[in-house]
Amino acid sequence: MKYWTKLSHKEQDEIITLALGENIDYKQKVSLGIPASQLDPNVFYDQASFLKDSPLLRAYIQNPNHIGCHTLGDSELFFAGTQKLEQQVIELISVDMFKAAPLSCDGYIAAGGTEANIQAMWMYRNLFMQQFGAQLQEIALISSTDTHYSVVKGANLLSLRSFSVPTDDESKELNEVRLDQIIKSAKRQGVKYFIVIANMGTTMFGSVDDPMVYVDALNRNEVRFRIHIDAAFGGFVYPISHPENVFNFSNPYISSVTLDAHKMLQAPYGTGIFLARKNQMQYVFTKEASYVNGMDITLCGSRSGANAIAVWMIMHTYGPYGWLEKINKLIYRTDCCCAELDKMGVPYYRHPKMNIVTMRAEYIANELADKYGLVPDTHHGMPNWYKIVVMDHVELNHIMAFTQELAESLQEATV
Ligand SMILES: Cc1ncc(COP(=O)(O)O)c(C=O)c1O
């Protein structure tokens, strides 16, 4: 690990206090032009005694705006202290989790996985247009049928065509024959450039697409493409549970990644992460953003610096070994759940390195699904699947209570 260390609360407090001290202090410095201030002290009491023990709450009160991207070019000087923590955590995740060479990636804390995915699509659409003179109708998105709907949203916003590759009903692997047919058909319709969204943990199944399947098919068909990994769910799991994987920046075909800190990392909502190899983000530069100091190259404008600090704190509270232990605990619980389902012959999908178990719905009584808060694949009509996501709060005794009741309900059904 190059950057990822475990830090005590005291060490973190000192670093964050120093960073907050380098940001603007509205009480000390006259600043007539900036349309920002700390949180309203009439509403959010800033003298509460517990604040001294909580650097994150102090950051919320101070309310730094991390508008822009802090891994390249200039940034707003008012918030330079905490921007450095964001820069550090982007570098840490790129290098120590996603195997980038040091200082080879840009990135920022986005509002969530949706924004980070759309940022990638926007960036590649513009890259193809500006670098290769592509016309809009010559660019298309391609992803699997299990892909998150943010891709459809992005296609709609960016006026991009979108192609969906079916996956096998049991293995959830991409159907390579259909993929090839879809690329050929898209080419006949004039598509020359593809933006691939490959999943590292689909929303419903936790399945992981092999991006090399896309690489082989697209190369065979002699088209240009870029690959974005949607690791919104799996980004803090799969690189840890399967460290030898190459679905990261060590693979020259992978150009950008989405992660969500507000999922597995249990950060506050509004905390997605966008990572991209250098020399790509400038394709979404909005030059009209002249009142912002630095390059406006992110989809959102103003955003809370406190969210970046939250990610920084979580990473440094656990350190690499603490996080490894946590993920292994969740994988162990998931293994136990699957072992129980195997005993009673309930069919399910589970990627062996992920913490999602998705069971065939016909085996699950409605009352059981309601009682245990299982999530169906659809809320419109009869579901085909129900999933269990083994988060931190999903303990082994909950899993065992569920599987026992499931075994009883199946026995009753056969009597
Ligand atoms: C794989 C995947 N990508 C993207 C998203 C969108 O994330 P968000 O809700 O943070 O915008 C989700 C959310 O569930 C997801 O599971």
# chains A, B, ... in the order shown; residues from 1 in each chain; ligands from 1
$ closest_atom_pairs --of "chain A" --to "ligand 1" --cutoff "10 Å" --atoms "only C-alpha atoms and all ligand atoms" --output "tab-separated table"
residue	atom	partner	partner_atom_place_in_ligand_line	distance
A:Ala110	CA	ligand 1	10 (O)	9.0
A:Ala111	CA	ligand 1	10 (O)	7.1
A:Gly112	CA	ligand 1	10 (O)	3.6
A:Gly113	CA	ligand 1	7 (O)	3.5
A:Thr114	CA	ligand 1	11 (O)	3.6
A:Glu115	CA	ligand 1	11 (O)	6.2
A:Ala116	CA	ligand 1	11 (O)	7.9
A:Asn117	CA	ligand 1	4 (C)	7.0
A:Ile118	CA	ligand 1	11 (O)	9.7
A:Asp146	CA	ligand 1	1 (C)	8.9
A:Thr147	CA	ligand 1	1 (C)	6.6
A:His148	CA	ligand 1	3 (N)	5.0
A:Tyr149	CA	ligand 1	4 (C)	7.5
A:Ser150	CA	ligand 1	4 (C)	6.1
A:Val151	CA	ligand 1	4 (C)	8.2
A:Ile197	CA	ligand 1	3 (N)	9.9
A:Ala198	CA	ligand 1	1 (C)	9.5
A:Asn199	CA	ligand 1	1 (C)	6.5
A:Met200	CA	ligand 1	1 (C)	7.2
A:Gly201	CA	ligand 1	1 (C)	5.9
A:Thr202	CA	ligand 1	1 (C)	4.7
A:Thr203	CA	ligand 1	16 (O)	3.8
A:Met204	CA	ligand 1	16 (O)	7.5
A:Phe205	CA	ligand 1	16 (O)	9.5
A:Gly206	CA	ligand 1	1 (C)	8.1
A:Ser207	CA	ligand 1	1 (C)	9.6
A:Val208	CA	ligand 1	1 (C)	9.9
A:Ile229	CA	ligand 1	1 (C)	9.4
A:Asp230	CA	ligand 1	3 (N)	5.7
A:Ala231	CA	ligand 1	1 (C)	6.2
A:Ala232	CA	ligand 1	3 (N)	4.7
A:Phe233	CA	ligand 1	16 (O)	5.1
A:Gly234	CA	ligand 1	1 (C)	7.6
A:Gly235	CA	ligand 1	1 (C)	9.4
A:Thr258	CA	ligand 1	3 (N)	7.8
A:Leu259	CA	ligand 1	3 (N)	8.1
A:Asp260	CA	ligand 1	10 (O)	5.9
A:Ala261	CA	ligand 1	10 (O)	8.5
A:His262	CA	ligand 1	10 (O)	7.0
A:Lys263	CA	ligand 1	10 (O)	7.5
A:Tyr269	CA	ligand 1	10 (O)	7.9
A:Gly270	CA	ligand 1	10 (O)	7.3
A:Thr271	CA	ligand 1	10 (O)	7.5
A:Gly272	CA	ligand 1	10 (O)	6.1
A:Ile273	CA	ligand 1	10 (O)	9.3
$ write_last_selection --atoms "C-alpha atoms" --output "tab-separated table (two decimals), in the first residue's frame"
chain	number	residue	atom	x	y	z
A	110	ALA	CA	-19.66	13.02	-6.91
A	111	ALA	CA	-23.22	13.04	-5.58
A	112	GLY	CA	-23.53	9.29	-6.15
A	113	GLY	CA	-23.18	6.43	-8.59
A	114	THR	CA	-25.68	7.94	-11.00
A	115	GLU	CA	-23.70	11.15	-11.35
A	116	ALA	CA	-20.36	9.33	-11.66
A	117	ASN	CA	-21.74	7.04	-14.39
A	118	ILE	CA	-23.18	9.98	-16.32
A	146	ASP	CA	-28.46	-6.26	-15.53
A	147	THR	CA	-26.90	-2.79	-15.62
A	148	HIS	CA	-28.19	-0.05	-13.31
A	149	TYR	CA	-30.84	2.23	-14.81
A	150	SER	CA	-28.55	5.28	-14.44
A	151	VAL	CA	-27.12	4.21	-17.81
A	197	ILE	CA	-20.31	0.32	-19.00
A	198	ALA	CA	-19.08	-2.91	-17.36
A	199	ASN	CA	-20.40	-3.86	-13.94
A	200	MET	CA	-18.39	-4.64	-10.85
A	201	GLY	CA	-21.39	-5.76	-8.83
A	202	THR	CA	-24.79	-5.41	-10.52
A	203	THR	CA	-27.54	-3.90	-8.39
A	204	MET	CA	-29.74	-7.01	-8.31
A	205	PHE	CA	-27.21	-9.83	-8.47
A	206	GLY	CA	-23.80	-8.50	-7.51
A	207	SER	CA	-22.55	-10.12	-10.73
A	208	VAL	CA	-19.28	-8.90	-12.24
A	229	ILE	CA	-16.43	0.23	-14.73
A	230	ASP	CA	-19.57	0.75	-12.69
A	231	ALA	CA	-18.30	-0.36	-9.29
A	232	ALA	CA	-20.91	1.68	-7.40
A	233	PHE	CA	-21.79	-1.37	-5.36
A	234	GLY	CA	-18.76	-3.64	-5.69
A	235	GLY	CA	-15.95	-1.08	-5.68
A	258	THR	CA	-17.54	4.72	-10.46
A	259	LEU	CA	-17.68	3.85	-6.76
A	260	ASP	CA	-20.28	4.71	-4.14
A	261	ALA	CA	-19.00	5.49	-0.68
A	262	HIS	CA	-22.60	5.78	0.55
A	263	LYS	CA	-23.18	2.08	-0.10
A	269	TYR	CA	-25.60	10.04	1.27
A	270	GLY	CA	-24.31	12.26	-1.51
A	271	THR	CA	-20.96	10.48	-1.65
A	272	GLY	CA	-20.18	8.85	-4.97
A	273	ILE	CA	-16.68	8.67	-6.43
$ select_by_dssp --residues "stretch 129-340 of chain A" --states "helix (DSSP H, G or I)" --output "ChimeraX atom specification"
/A:129-132,136-138,150-158,176-188,211-220,234-236,238-241,281-284,305-340
$ write_last_selection --atoms "C-alpha atoms" --output "PDB file, in the first residue's frame"
ATOM      1  CA  MET A 129     -16.516  14.034 -30.853  1.00  0.00           C
ATOM      2  CA  GLN A 130     -13.539  16.272 -30.122  1.00  0.00           C
ATOM      3  CA  GLN A 131     -10.699  13.795 -30.709  1.00  0.00           C
ATOM      4  CA  PHE A 132     -12.096  11.851 -33.659  1.00  0.00           C
ATOM      5  CA  LEU A 136     -23.613  12.061 -32.138  1.00  0.00           C
ATOM      6  CA  GLN A 137     -25.416   9.255 -33.990  1.00  0.00           C
ATOM      7  CA  GLU A 138     -22.098   7.428 -34.472  1.00  0.00           C
ATOM      8  CA  SER A 150     -28.549   5.276 -14.440  1.00  0.00           C
ATOM      9  CA  VAL A 151     -27.119   4.213 -17.805  1.00  0.00           C
ATOM     10  CA  VAL A 152     -30.546   4.583 -19.429  1.00  0.00           C
ATOM     11  CA  LYS A 153     -30.914   7.954 -17.702  1.00  0.00           C
ATOM     12  CA  GLY A 154     -27.517   9.059 -19.029  1.00  0.00           C
ATOM     13  CA  ALA A 155     -28.356   7.873 -22.558  1.00  0.00           C
ATOM     14  CA  ASN A 156     -31.518   9.951 -22.445  1.00  0.00           C
ATOM     15  CA  LEU A 157     -29.769  13.071 -21.125  1.00  0.00           C
ATOM     16  CA  LEU A 158     -26.881  12.840 -23.575  1.00  0.00           C
ATOM     17  CA  GLU A 176     -20.942 -13.371 -26.209  1.00  0.00           C
ATOM     18  CA  VAL A 177     -22.849 -14.449 -29.314  1.00  0.00           C
ATOM     19  CA  ARG A 178     -25.502 -11.784 -28.793  1.00  0.00           C
ATOM     20  CA  LEU A 179     -22.821  -9.205 -27.993  1.00  0.00           C
ATOM     21  CA  ASP A 180     -21.154  -9.837 -31.327  1.00  0.00           C
ATOM     22  CA  GLN A 181     -24.500  -9.639 -33.164  1.00  0.00           C
ATOM     23  CA  ILE A 182     -25.401  -6.386 -31.377  1.00  0.00           C
ATOM     24  CA  ILE A 183     -22.071  -4.752 -32.313  1.00  0.00           C
ATOM     25  CA  LYS A 184     -22.447  -5.826 -35.956  1.00  0.00           C
ATOM     26  CA  SER A 185     -26.007  -4.560 -36.100  1.00  0.00           C
ATOM     27  CA  ALA A 186     -25.016  -1.235 -34.450  1.00  0.00           C
ATOM     28  CA  LYS A 187     -22.234  -0.868 -37.019  1.00  0.00           C
ATOM     29  CA  ARG A 188     -24.740  -1.394 -39.827  1.00  0.00           C
ATOM     30  CA  PRO A 211     -14.619  -6.365 -19.425  1.00  0.00           C
ATOM     31  CA  MET A 212     -12.297  -8.425 -21.624  1.00  0.00           C
ATOM     32  CA  VAL A 213     -15.372  -9.987 -23.235  1.00  0.00           C
ATOM     33  CA  TYR A 214     -16.282  -6.492 -24.477  1.00  0.00           C
ATOM     34  CA  VAL A 215     -12.646  -5.780 -25.439  1.00  0.00           C
ATOM     35  CA  ASP A 216     -12.379  -8.929 -27.576  1.00  0.00           C
ATOM     36  CA  ALA A 217     -15.722  -8.407 -29.302  1.00  0.00           C
ATOM     37  CA  LEU A 218     -15.151  -4.719 -30.035  1.00  0.00           C
ATOM     38  CA  ASN A 219     -11.598  -5.251 -31.253  1.00  0.00           C
ATOM     39  CA  ARG A 220     -12.766  -8.121 -33.471  1.00  0.00           C
ATOM     40  CA  GLY A 234     -18.758  -3.642  -5.690  1.00  0.00           C
ATOM     41  CA  GLY A 235     -15.954  -1.082  -5.676  1.00  0.00           C
ATOM     42  CA  PHE A 236     -15.241  -1.417  -1.977  1.00  0.00           C
ATOM     43  CA  TYR A 238     -14.424  -6.933  -5.085  1.00  0.00           C
ATOM     44  CA  PRO A 239     -10.896  -5.399  -5.149  1.00  0.00           C
ATOM     45  CA  ILE A 240     -10.543  -6.600  -1.542  1.00  0.00           C
ATOM     46  CA  SER A 241     -12.182 -10.032  -1.802  1.00  0.00           C
ATOM     47  CA  MET A 281     -11.611  14.972 -17.907  1.00  0.00           C
ATOM     48  CA  GLN A 282     -10.776  18.064 -19.935  1.00  0.00           C
ATOM     49  CA  TYR A 283     -13.279  16.864 -22.558  1.00  0.00           C
ATOM     50  CA  VAL A 284     -16.092  18.055 -20.291  1.00  0.00           C
ATOM     51  CA  GLY A 305     -16.289  19.095   1.098  1.00  0.00           C
ATOM     52  CA  ALA A 306     -17.499  17.383   4.277  1.00  0.00           C
ATOM     53  CA  ASN A 307     -18.431  14.318   2.176  1.00  0.00           C
ATOM     54  CA  ALA A 308     -14.860  14.029   0.928  1.00  0.00           C
ATOM     55  CA  ILE A 309     -13.627  14.251   4.517  1.00  0.00           C
ATOM     56  CA  ALA A 310     -16.060  11.487   5.507  1.00  0.00           C
ATOM     57  CA  VAL A 311     -14.563   9.159   2.878  1.00  0.00           C
ATOM     58  CA  TRP A 312     -11.032  10.109   3.947  1.00  0.00           C
ATOM     59  CA  MET A 313     -11.935   9.334   7.587  1.00  0.00           C
ATOM     60  CA  ILE A 314     -13.536   5.972   6.853  1.00  0.00           C
ATOM     61  CA  MET A 315     -10.566   4.812   4.786  1.00  0.00           C
ATOM     62  CA  HIS A 316      -8.097   5.860   7.490  1.00  0.00           C
ATOM     63  CA  THR A 317     -10.155   4.582  10.421  1.00  0.00           C
ATOM     64  CA  TYR A 318     -10.065   1.040   9.035  1.00  0.00           C
ATOM     65  CA  GLY A 319      -6.773   1.061   7.185  1.00  0.00           C
ATOM     66  CA  PRO A 320      -6.237  -1.728   4.621  1.00  0.00           C
ATOM     67  CA  TYR A 321      -6.231  -4.605   7.109  1.00  0.00           C
ATOM     68  CA  GLY A 322      -9.257  -3.421   9.045  1.00  0.00           C
ATOM     69  CA  TRP A 323     -11.182  -3.130   5.790  1.00  0.00           C
ATOM     70  CA  LEU A 324      -9.978  -6.568   4.682  1.00  0.00           C
ATOM     71  CA  GLU A 325     -11.296  -8.019   7.937  1.00  0.00           C
ATOM     72  CA  LYS A 326     -14.632  -6.291   7.521  1.00  0.00           C
ATOM     73  CA  ILE A 327     -15.114  -7.514   3.949  1.00  0.00           C
ATOM     74  CA  ASN A 328     -14.045 -11.035   4.891  1.00  0.00           C
ATOM     75  CA  LYS A 329     -16.629 -11.033   7.672  1.00  0.00           C
ATOM     76  CA  LEU A 330     -19.369 -10.084   5.192  1.00  0.00           C
ATOM     77  CA  ILE A 331     -18.181 -12.671   2.667  1.00  0.00           C
ATOM     78  CA  TYR A 332     -18.209 -15.306   5.438  1.00  0.00           C
ATOM     79  CA  ARG A 333     -21.806 -14.444   6.357  1.00  0.00           C
ATOM     80  CA  THR A 334     -22.752 -14.618   2.673  1.00  0.00           C
ATOM     81  CA  ASP A 335     -21.066 -18.054   2.417  1.00  0.00           C
ATOM     82  CA  CYS A 336     -23.107 -19.247   5.406  1.00  0.00           C
ATOM     83  CA  CYS A 337     -26.332 -17.997   3.824  1.00  0.00           C
ATOM     84  CA  CYS A 338     -25.536 -19.849   0.592  1.00  0.00           C
ATOM     85  CA  ALA A 339     -24.643 -23.054   2.492  1.00  0.00           C
ATOM     86  CA  GLU A 340     -28.096 -22.996   4.149  1.00  0.00           C
TER      87      GLU A 340
END
$ residues_around --residues "A:Arg125" --least-positions-apart "6" --cutoff "10 Å" --atoms "only C-alpha atoms" --output "CSV table (one decimal) with C-alpha atoms, in the first residue's frame"
chain,number,residue,atom,x,y,z
A,119,GLN,CA,-19.9,11.9,-15.9
A,134,ALA,CA,-17.5,11.7,-34.3
A,135,GLN,CA,-21.1,12.6,-35.0
A,136,LEU,CA,-23.6,12.1,-32.1
A,138,GLU,CA,-22.1,7.4,-34.5
A,139,ILE,CA,-21.6,7.0,-30.7
A,140,ALA,CA,-23.5,4.4,-28.6
A,141,LEU,CA,-23.6,3.0,-25.1
A,158,LEU,CA,-26.9,12.8,-23.6
A,159,SER,CA,-29.0,11.8,-26.6
A,160,LEU,CA,-27.0,8.6,-27.0
A,193,TYR,CA,-17.7,4.5,-31.3
A,194,PHE,CA,-18.8,2.6,-28.2
A,195,ILE,CA,-18.9,3.6,-24.6
A,226,ARG,CA,-13.7,3.2,-24.0
A,283,TYR,CA,-13.3,16.9,-22.6
A,284,VAL,CA,-16.1,18.1,-20.3
$ closest_residue --among "A:Ile24, A:Leu406, A:Leu174, A:Met359" --to "A:Glu76" --atoms "only C-alpha atoms"
A:Ile24
$ residues_around --residues "A:Glu14" --least-positions-apart "5" --cutoff "9 Å" --atoms "only C-alpha atoms" --output "ChimeraX atom specification"
/A:9,19,55
$ atom_distance --atom1 "atom CA of A:Asn65" --atom2 "atom CA of A:Arg303"
5.5 Å
$ atom_distance --atom1 "atom CA of A:Tyr26" --atom2 "atom CA of A:Asp46"
13.4 Å
$ atom_distance --atom1 "atom CA of A:Asp209" --atom2 "atom CA of A:Thr167"
9.5 Å
$ residues_around --residues "A:Gly68" --least-positions-apart "6" --cutoff "7 Å" --atoms "only C-alpha atoms" --output "list in words"
Ser75, Met295, Asp296, Ile297, Thr298 and Gly301 of chain A
$ residues_around --residues "A:Ala365" --least-positions-apart "3" --cutoff "10 Å" --atoms "only C-alpha atoms" --output "ChimeraX atom specification"
/A:361-362,368-370,406,409-410,413
$ write_last_selection --atoms "N, CA and C atoms" --output "tab-separated table (two decimals), in the first residue's frame"
chain	number	residue	atom	x	y	z
A	361	ALA	N	-37.65	-16.24	-6.88
A	361	ALA	CA	-38.78	-15.75	-6.08
A	361	ALA	C	-39.82	-16.83	-5.79
A	362	GLU	N	-39.92	-17.82	-6.68
A	362	GLU	CA	-41.01	-18.79	-6.46
A	362	GLU	C	-40.82	-19.63	-5.19
A	368	LEU	N	-42.75	-13.96	4.10
A	368	LEU	CA	-41.34	-14.09	4.50
A	368	LEU	C	-40.51	-12.93	3.90
A	369	ALA	N	-40.82	-12.64	2.65
A	369	ALA	CA	-40.10	-11.53	1.98
A	369	ALA	C	-40.37	-10.23	2.72
A	370	ASP	N	-41.64	-10.03	3.13
A	370	ASP	CA	-41.99	-8.79	3.86
A	370	ASP	C	-41.30	-8.77	5.22
A	406	LEU	N	-37.40	-20.08	6.22
A	406	LEU	CA	-37.59	-20.46	4.82
A	406	LEU	C	-37.71	-21.98	4.71
A	409	SER	N	-41.10	-23.00	5.86
A	409	SER	CA	-42.18	-22.66	4.92
A	409	SER	C	-42.15	-23.60	3.71
A	410	LEU	N	-40.96	-24.03	3.31
A	410	LEU	CA	-40.88	-24.94	2.16
A	410	LEU	C	-41.39	-26.32	2.55
A	413	ALA	N	-45.09	-26.30	2.63
A	413	ALA	CA	-45.63	-26.25	1.26
A	413	ALA	C	-45.64	-27.64	0.63
$ closest_residue --among "A:Thr82, A:Gln38, A:Gln411, A:Ser255" --to "A:Asn63" --atoms "only C-alpha atoms"
A:Gln38
$ select_by_dssp --residues "stretch 307-405 of chain A" --states "strand (DSSP E or B)" --output "list of chain:residue names"
A:Tyr348, A:Tyr349, A:Ile356, A:Val357, A:Thr358, A:Met359, A:Arg360, A:Val375, A:Pro376, A:Trp385, A:Tyr386, A:Lys387, A:Ile388, A:Val389
$ write_last_selection --atoms "N, CA and C atoms" --output "short mmCIF file (atom, residue, chain, number, x, y, z; two decimals), in the first residue's frame"
data_model
loop_
_atom_site.label_atom_id
_atom_site.label_comp_id
_atom_site.auth_asym_id
_atom_site.auth_seq_id
_atom_site.Cartn_x
_atom_site.Cartn_y
_atom_site.Cartn_z
N TYR A 348 -30.34 -20.00 -6.36
CA TYR A 348 -29.98 -18.59 -6.18
C TYR A 348 -28.78 -18.28 -7.06
N TYR A 349 -28.54 -16.98 -7.27
CA TYR A 349 -27.29 -16.55 -7.91
C TYR A 349 -26.45 -15.85 -6.85
N ILE A 356 -23.83 -10.44 -2.15
CA ILE A 356 -25.27 -10.40 -2.51
C ILE A 356 -25.70 -11.82 -2.85
N VAL A 357 -26.87 -12.21 -2.34
CA VAL A 357 -27.45 -13.52 -2.68
C VAL A 357 -28.83 -13.23 -3.26
N THR A 358 -29.10 -13.71 -4.48
CA THR A 358 -30.37 -13.41 -5.14
C THR A 358 -31.10 -14.72 -5.42
N MET A 359 -32.22 -14.88 -4.72
CA MET A 359 -32.93 -16.18 -4.75
C MET A 359 -34.09 -16.14 -5.74
N ARG A 360 -34.39 -17.31 -6.31
CA ARG A 360 -35.56 -17.42 -7.20
C ARG A 360 -36.82 -17.15 -6.38
N VAL A 375 -35.53 -7.67 -1.05
CA VAL A 375 -35.83 -6.72 -2.14
C VAL A 375 -36.07 -7.50 -3.44
N PRO A 376 -37.25 -7.27 -4.07
CA PRO A 376 -37.56 -7.97 -5.33
C PRO A 376 -36.91 -7.28 -6.53
N TRP A 385 -37.07 -12.61 -8.70
CA TRP A 385 -35.96 -12.78 -7.79
C TRP A 385 -36.17 -11.96 -6.52
N TYR A 386 -35.57 -12.42 -5.43
CA TYR A 386 -35.47 -11.62 -4.20
C TYR A 386 -34.01 -11.61 -3.77
N LYS A 387 -33.52 -10.44 -3.32
CA LYS A 387 -32.10 -10.42 -2.94
C LYS A 387 -31.90 -10.11 -1.45
N ILE A 388 -30.77 -10.67 -0.98
CA ILE A 388 -30.25 -10.32 0.35
C ILE A 388 -28.92 -9.63 0.09
N VAL A 389 -28.75 -8.44 0.64
CA VAL A 389 -27.47 -7.75 0.52
C VAL A 389 -26.83 -7.80 1.91
#
$ residues_around --residues "A:Ser144" --least-positions-apart "6" --cutoff "6 Å" --atoms "only C-alpha atoms" --output "PyMOL selection string"
chain A and resi 164-166
$ closest_residue --among "A:Pro41, A:Pro102, A:Gly107, A:Gly294" --to "A:Asn279" --atoms "only C-alpha atoms"
A:Gly107
$ closest_residue --among "A:Met264, A:Ile142, A:Arg350, A:Ile109" --to "A:Asp392" --atoms "only C-alpha atoms"
A:Met264
$ closest_residue --among "A:Gln189, A:Ser304, A:Gln28, A:Asn245" --to "A:Gln83" --atoms "only C-alpha atoms"
A:Ser304
$ closest_residue --among "A:Leu127, A:Met121, A:Leu103, A:Val346" --to "A:Ser162" --atoms "only C-alpha atoms"
A:Met121
